[in-house]
Amino acid sequence: MASFPNLNSDAGLKKLDEHLLTRSYITGYQASKDDITVFAALAKPPTSQHVNASRWYNHIDALLRISGFSAEGSGVVVEGSAPITEEAVATPPAADSKDAAAEEDDDDVDLFGEETEEEKKAAEERAASVKASTKKKESGKSSVLIDIKPWDDETDMKKLEEAVRSIQMEGLFWGASKLVPVGYGIKKLQIMCTIVDDLVSIDTMIEEQLTVEPINEYVQSCDIVAFNKI
C-alpha cells in the first residue's frame with residue numbers, strides 16, 4: 001500500500017514526484033481507484049517543478065475525461081484527505097441517460113399525429129449518435145511499455161524523449177519514462193503509454209512515426225516490452 005503525507009505541501013509533492021519517477025500509476029500497472037484517490041487529494045495540478053507528478057496528473061485527467069476506472073488498486077493513504085467513496089469514482093450507467101432521454105422524447109411525441117420527414121431524420125440522427133457513443137464507450141484500452149534505443153552513446157536522450165512525446169494523436173497518452181543502461185555507455189529510453197485500442201495501433205505508430213524522419217535522427221529501433229489490456 002502506498003502512503004503519502006499532505007499532497008498540498010512541498011514534502012507531499014516531492015514524495016509523490018519521487019514515487020512516480022519509475023511508475024506510470026500510483027499502484028500496479030494500470031489506472032485504478034488509487035490514482036483517483038491521490039488525484040482528488042491534490043488542490044491543484046503539480047507544477048513543472050515536479051515533472052513526474054505533473055505528467056501523471058495530466059495523464060489521469062485525460063483518462064477521467066474518456067472513461068471510468070474499473071481497477072481496484074492496492075490501496076493508498078493520503079494524510080489530510082477524506083477517503084474516496086464508490087459513488088465518487090463510479091461511471092454513471094449509460095442506461096440512466098438513455099432512460100432520461102427517452103422520457104424527454106416521450107413528452108414531445110404527438111401520439112395522434114403523423115411523423116414528419118424532419119422528425120424521421122431527427123430520430124435517425126439520434127439513433128446514430130447513441131450507437132456511436134455506445135461504441136466509443138465500449139472501446140478497450142491498453143497499457144504499453146516500449147523500449148526505444150538510440151544510435152549510439154552520443155545521442156541526446158533528452159531530445160530523443162522530446163521527439164517521442166511530440167507524437168500526439170487521439171487515444172494516445174504518454175506516461176512515465178526512465179533511462180535504462182544497455183552497455184558501452186549507451187542507455188535506452190523505456191516509456192509507458194496508454195492507448196484506446198480502436199483509435200491507436202502501436203505497431204503502426206512505431207513503423208510510420210517513431211522510426212521515420214525526423215525522429216529517426218535519434219531513434220534506431222523500438223520494441224514492445226509489455227502490452228496489457230486495461
# chains A, B, ... in the order shown; residues from 1 in each chain; ligands from 1
>>> residues_around(residues="Gly185 of chain A", least_positions_apart="4", cutoff="12 Å", atoms="only C-alpha atoms", output="PyMOL selection string")
chain A and resi 150-155+179-181
>>> write_last_selection(atoms="C-alpha atoms", output="PDB file, in the first residue's frame")
ATOM      1  CA  PRO A 150      19.325   5.391 -29.676  1.00  0.00           C
ATOM      2  CA  TRP A 151      22.002   5.163 -32.362  1.00  0.00           C
ATOM      3  CA  ASP A 152      24.969   5.454 -30.001  1.00  0.00           C
ATOM      4  CA  ASP A 153      26.221   6.894 -26.728  1.00  0.00           C
ATOM      5  CA  GLU A 154      26.417  10.378 -28.267  1.00  0.00           C
ATOM      6  CA  THR A 155      22.665  10.572 -28.945  1.00  0.00           C
ATOM      7  CA  LEU A 179      16.672   5.611 -18.956  1.00  0.00           C
ATOM      8  CA  VAL A 180      17.997   2.058 -18.718  1.00  0.00           C
ATOM      9  CA  PRO A 181      21.714   1.230 -19.261  1.00  0.00           C
TER      10      PRO A 181
END
>>> closest_atom_pairs(of="segment 117-219 of chain A", to="segment 39-60 of chain A", cutoff="10 Å", atoms="only C-alpha atoms", output="JSON lines")
{"residue": "A:Leu172", "atom": "CA", "partner": "A:His59", "partner_atom": "CA", "distance": 9.9}
{"residue": "A:Phe173", "atom": "CA", "partner": "A:His59", "partner_atom": "CA", "distance": 6.3}
{"residue": "A:Trp174", "atom": "CA", "partner": "A:His59", "partner_atom": "CA", "distance": 7.2}
{"residue": "A:Gly175", "atom": "CA", "partner": "A:Trp56", "partner_atom": "CA", "distance": 6.5}
{"residue": "A:Ala176", "atom": "CA", "partner": "A:Asn52", "partner_atom": "CA", "distance": 6.9}
{"residue": "A:Ser177", "atom": "CA", "partner": "A:Asn52", "partner_atom": "CA", "distance": 8.8}
{"residue": "A:Cys193", "atom": "CA", "partner": "A:His59", "partner_atom": "CA", "distance": 9.3}
{"residue": "A:Thr194", "atom": "CA", "partner": "A:His59", "partner_atom": "CA", "distance": 8.8}
>>> atom_distance(atom1="atom CA of Val144 of chain A", atom2="atom CA of Phe227 of chain A")
4.6 Å
>>> atom_distance(atom1="atom CA of Lys188 of chain A", atom2="atom CA of Met157 of chain A")
8.2 Å
>>> select_by_dssp(residues="segment 136-185 of chain A", states="helix (DSSP H, G or I)", output="compact mmCIF listing (two decimals) with N, CA, C and O atoms, in the first residue's frame")
# COMPACT_ATOMS: atom_id res chain seq x y z
N LYS A 136 -18.07 3.96 -28.68
CA LYS A 136 -16.89 4.61 -28.14
C LYS A 136 -16.66 4.21 -26.69
O LYS A 136 -15.54 3.97 -26.26
N LYS A 137 -17.78 4.11 -25.90
CA LYS A 137 -17.65 3.73 -24.51
C LYS A 137 -17.14 2.30 -24.35
O LYS A 137 -16.49 1.97 -23.39
N GLU A 138 -17.48 1.44 -25.33
CA GLU A 138 -17.10 0.05 -25.24
C GLU A 138 -15.67 -0.19 -25.73
O GLU A 138 -15.15 -1.29 -25.61
N MET A 157 19.67 12.01 -25.31
CA MET A 157 18.49 11.27 -24.87
C MET A 157 17.34 12.20 -24.47
O MET A 157 16.17 11.81 -24.56
N LYS A 158 17.66 13.42 -24.03
CA LYS A 158 16.61 14.36 -23.70
C LYS A 158 15.84 14.75 -24.95
O LYS A 158 14.61 14.78 -24.97
N LYS A 159 16.57 15.02 -26.04
CA LYS A 159 15.91 15.37 -27.30
C LYS A 159 15.18 14.16 -27.88
O LYS A 159 14.13 14.29 -28.51
N LEU A 160 15.74 12.96 -27.65
CA LEU A 160 15.07 11.75 -28.12
C LEU A 160 13.70 11.62 -27.45
O LEU A 160 12.69 11.37 -28.13
N GLU A 161 13.64 11.80 -26.12
CA GLU A 161 12.36 11.69 -25.43
C GLU A 161 11.39 12.79 -25.86
O GLU A 161 10.20 12.55 -26.03
N GLU A 162 11.90 13.99 -26.06
CA GLU A 162 11.04 15.08 -26.52
C GLU A 162 10.45 14.76 -27.89
O GLU A 162 9.27 15.04 -28.14
N ALA A 163 11.26 14.15 -28.76
CA ALA A 163 10.77 13.78 -30.08
C ALA A 163 9.69 12.71 -29.99
O ALA A 163 8.67 12.76 -30.70
N VAL A 164 9.89 11.74 -29.08
CA VAL A 164 8.90 10.67 -28.90
C VAL A 164 7.59 11.26 -28.38
O VAL A 164 6.50 10.97 -28.90
N ARG A 165 7.67 12.10 -27.36
CA ARG A 165 6.46 12.67 -26.77
C ARG A 165 5.78 13.69 -27.70
O ARG A 165 4.62 14.06 -27.46
>>> decode(residues="segment 41-54 of chain A", atoms="all heavy atoms", output="PDB file, in the first residue's frame")
ATOM      1  N   ALA A  41      -7.000  14.295  -4.015  1.00  0.00           N
ATOM      2  CA  ALA A  41      -6.387  14.932  -2.845  1.00  0.00           C
ATOM      3  C   ALA A  41      -5.581  16.174  -3.203  1.00  0.00           C
ATOM      4  O   ALA A  41      -5.230  16.964  -2.333  1.00  0.00           O
ATOM      5  CB  ALA A  41      -5.489  13.927  -2.116  1.00  0.00           C
ATOM      6  N   LEU A  42      -5.261  16.339  -4.477  1.00  0.00           N
ATOM      7  CA  LEU A  42      -4.477  17.495  -4.916  1.00  0.00           C
ATOM      8  C   LEU A  42      -5.384  18.701  -5.126  1.00  0.00           C
ATOM      9  O   LEU A  42      -6.366  18.626  -5.871  1.00  0.00           O
ATOM     10  CB  LEU A  42      -3.734  17.164  -6.217  1.00  0.00           C
ATOM     11  CG  LEU A  42      -2.572  16.167  -6.062  1.00  0.00           C
ATOM     12  CD1 LEU A  42      -2.192  15.603  -7.417  1.00  0.00           C
ATOM     13  CD2 LEU A  42      -1.373  16.852  -5.418  1.00  0.00           C
ATOM     14  N   ALA A  43      -5.069  19.797  -4.488  1.00  0.00           N
ATOM     15  CA  ALA A  43      -5.885  21.003  -4.624  1.00  0.00           C
ATOM     16  C   ALA A  43      -5.718  21.640  -5.997  1.00  0.00           C
ATOM     17  O   ALA A  43      -6.620  22.304  -6.501  1.00  0.00           O
ATOM     18  CB  ALA A  43      -5.518  22.007  -3.532  1.00  0.00           C
ATOM     19  N   LYS A  44      -4.551  21.436  -6.621  1.00  0.00           N
ATOM     20  CA  LYS A  44      -4.291  21.990  -7.940  1.00  0.00           C
ATOM     21  C   LYS A  44      -3.250  21.113  -8.642  1.00  0.00           C
ATOM     22  O   LYS A  44      -2.547  20.327  -7.993  1.00  0.00           O
ATOM     23  CB  LYS A  44      -3.793  23.433  -7.844  1.00  0.00           C
ATOM     24  CG  LYS A  44      -2.513  23.592  -7.037  1.00  0.00           C
ATOM     25  CD  LYS A  44      -2.119  25.062  -6.917  1.00  0.00           C
ATOM     26  CE  LYS A  44      -0.843  25.222  -6.091  1.00  0.00           C
ATOM     27  NZ  LYS A  44      -0.455  26.643  -5.961  1.00  0.00           N
ATOM     28  N   PRO A  45      -3.147  21.204  -9.959  1.00  0.00           N
ATOM     29  CA  PRO A  45      -2.176  20.368 -10.686  1.00  0.00           C
ATOM     30  C   PRO A  45      -0.747  20.661 -10.239  1.00  0.00           C
ATOM     31  O   PRO A  45      -0.398  21.815  -9.971  1.00  0.00           O
ATOM     32  CB  PRO A  45      -2.383  20.794 -12.154  1.00  0.00           C
ATOM     33  CG  PRO A  45      -3.758  21.357 -12.195  1.00  0.00           C
ATOM     34  CD  PRO A  45      -3.963  22.023 -10.870  1.00  0.00           C
ATOM     35  N   PRO A  46       0.097  19.646 -10.150  1.00  0.00           N
ATOM     36  CA  PRO A  46       1.513  19.869  -9.815  1.00  0.00           C
ATOM     37  C   PRO A  46       2.178  20.719 -10.903  1.00  0.00           C
ATOM     38  O   PRO A  46       1.837  20.616 -12.086  1.00  0.00           O
ATOM     39  CB  PRO A  46       2.102  18.449  -9.790  1.00  0.00           C
ATOM     40  CG  PRO A  46       0.928  17.549  -9.577  1.00  0.00           C
ATOM     41  CD  PRO A  46      -0.222  18.208 -10.272  1.00  0.00           C
ATOM     42  N   THR A  47       3.117  21.550 -10.507  1.00  0.00           N
ATOM     43  CA  THR A  47       3.820  22.389 -11.469  1.00  0.00           C
ATOM     44  C   THR A  47       4.909  21.579 -12.182  1.00  0.00           C
ATOM     45  O   THR A  47       5.209  20.447 -11.804  1.00  0.00           O
ATOM     46  CB  THR A  47       4.458  23.592 -10.768  1.00  0.00           C
ATOM     47  OG1 THR A  47       5.478  23.110  -9.869  1.00  0.00           O
ATOM     48  CG2 THR A  47       3.415  24.376  -9.989  1.00  0.00           C
ATOM     49  N   SER A  48       5.512  22.197 -13.204  1.00  0.00           N
ATOM     50  CA  SER A  48       6.575  21.532 -13.960  1.00  0.00           C
ATOM     51  C   SER A  48       7.804  21.262 -13.100  1.00  0.00           C
ATOM     52  O   SER A  48       8.690  20.508 -13.495  1.00  0.00           O
ATOM     53  CB  SER A  48       6.970  22.392 -15.165  1.00  0.00           C
ATOM     54  OG  SER A  48       7.379  23.682 -14.746  1.00  0.00           O
ATOM     55  N   GLN A  49       7.862  21.882 -11.922  1.00  0.00           N
ATOM     56  CA  GLN A  49       8.973  21.604 -10.995  1.00  0.00           C
ATOM     57  C   GLN A  49       8.958  20.139 -10.566  1.00  0.00           C
ATOM     58  O   GLN A  49       9.996  19.529 -10.350  1.00  0.00           O
ATOM     59  CB  GLN A  49       8.857  22.508  -9.768  1.00  0.00           C
ATOM     60  CG  GLN A  49       9.940  22.244  -8.702  1.00  0.00           C
ATOM     61  CD  GLN A  49       9.731  23.073  -7.454  1.00  0.00           C
ATOM     62  OE1 GLN A  49       8.851  23.926  -7.407  1.00  0.00           O
ATOM     63  NE2 GLN A  49      10.523  22.841  -6.437  1.00  0.00           N
ATOM     64  N   HIS A  50       7.749  19.582 -10.473  1.00  0.00           N
ATOM     65  CA  HIS A  50       7.576  18.164 -10.137  1.00  0.00           C
ATOM     66  C   HIS A  50       7.144  17.450 -11.424  1.00  0.00           C
ATOM     67  O   HIS A  50       5.981  17.144 -11.623  1.00  0.00           O
ATOM     68  CB  HIS A  50       6.534  17.996  -9.037  1.00  0.00           C
ATOM     69  CG  HIS A  50       6.882  18.726  -7.771  1.00  0.00           C
ATOM     70  ND1 HIS A  50       6.396  19.986  -7.484  1.00  0.00           N
ATOM     71  CD2 HIS A  50       7.707  18.394  -6.736  1.00  0.00           C
ATOM     72  CE1 HIS A  50       6.875  20.383  -6.325  1.00  0.00           C
ATOM     73  NE2 HIS A  50       7.679  19.441  -5.839  1.00  0.00           N
ATOM     74  N   VAL A  51       8.109  17.207 -12.304  1.00  0.00           N
ATOM     75  CA  VAL A  51       7.813  16.754 -13.664  1.00  0.00           C
ATOM     76  C   VAL A  51       7.081  15.417 -13.695  1.00  0.00           C
ATOM     77  O   VAL A  51       6.166  15.223 -14.506  1.00  0.00           O
ATOM     78  CB  VAL A  51       9.128  16.681 -14.495  1.00  0.00           C
ATOM     79  CG1 VAL A  51      10.106  15.693 -13.865  1.00  0.00           C
ATOM     80  CG2 VAL A  51       8.830  16.297 -15.924  1.00  0.00           C
ATOM     81  N   ASN A  52       7.451  14.474 -12.834  1.00  0.00           N
ATOM     82  CA  ASN A  52       6.805  13.155 -12.856  1.00  0.00           C
ATOM     83  C   ASN A  52       5.364  13.239 -12.363  1.00  0.00           C
ATOM     84  O   ASN A  52       4.457  12.633 -12.950  1.00  0.00           O
ATOM     85  CB  ASN A  52       7.594  12.167 -11.990  1.00  0.00           C
ATOM     86  CG  ASN A  52       9.031  12.043 -12.448  1.00  0.00           C
ATOM     87  OD1 ASN A  52       9.306  11.783 -13.608  1.00  0.00           O
ATOM     88  ND2 ASN A  52       9.962  12.245 -11.529  1.00  0.00           N
ATOM     89  N   ALA A  53       5.150  13.994 -11.297  1.00  0.00           N
ATOM     90  CA  ALA A  53       3.801  14.164 -10.763  1.00  0.00           C
ATOM     91  C   ALA A  53       2.922  14.918 -11.750  1.00  0.00           C
ATOM     92  O   ALA A  53       1.741  14.599 -11.928  1.00  0.00           O
ATOM     93  CB  ALA A  53       3.856  14.900  -9.425  1.00  0.00           C
ATOM     94  N   SER A  54       3.501  15.927 -12.409  1.00  0.00           N
ATOM     95  CA  SER A  54       2.742  16.705 -13.390  1.00  0.00           C
ATOM     96  C   SER A  54       2.330  15.839 -14.585  1.00  0.00           C
ATOM     97  O   SER A  54       1.193  15.897 -15.051  1.00  0.00           O
ATOM     98  CB  SER A  54       3.585  17.893 -13.873  1.00  0.00           C
ATOM     99  OG  SER A  54       2.903  18.623 -14.866  1.00  0.00           O
TER     100      SER A  54
END
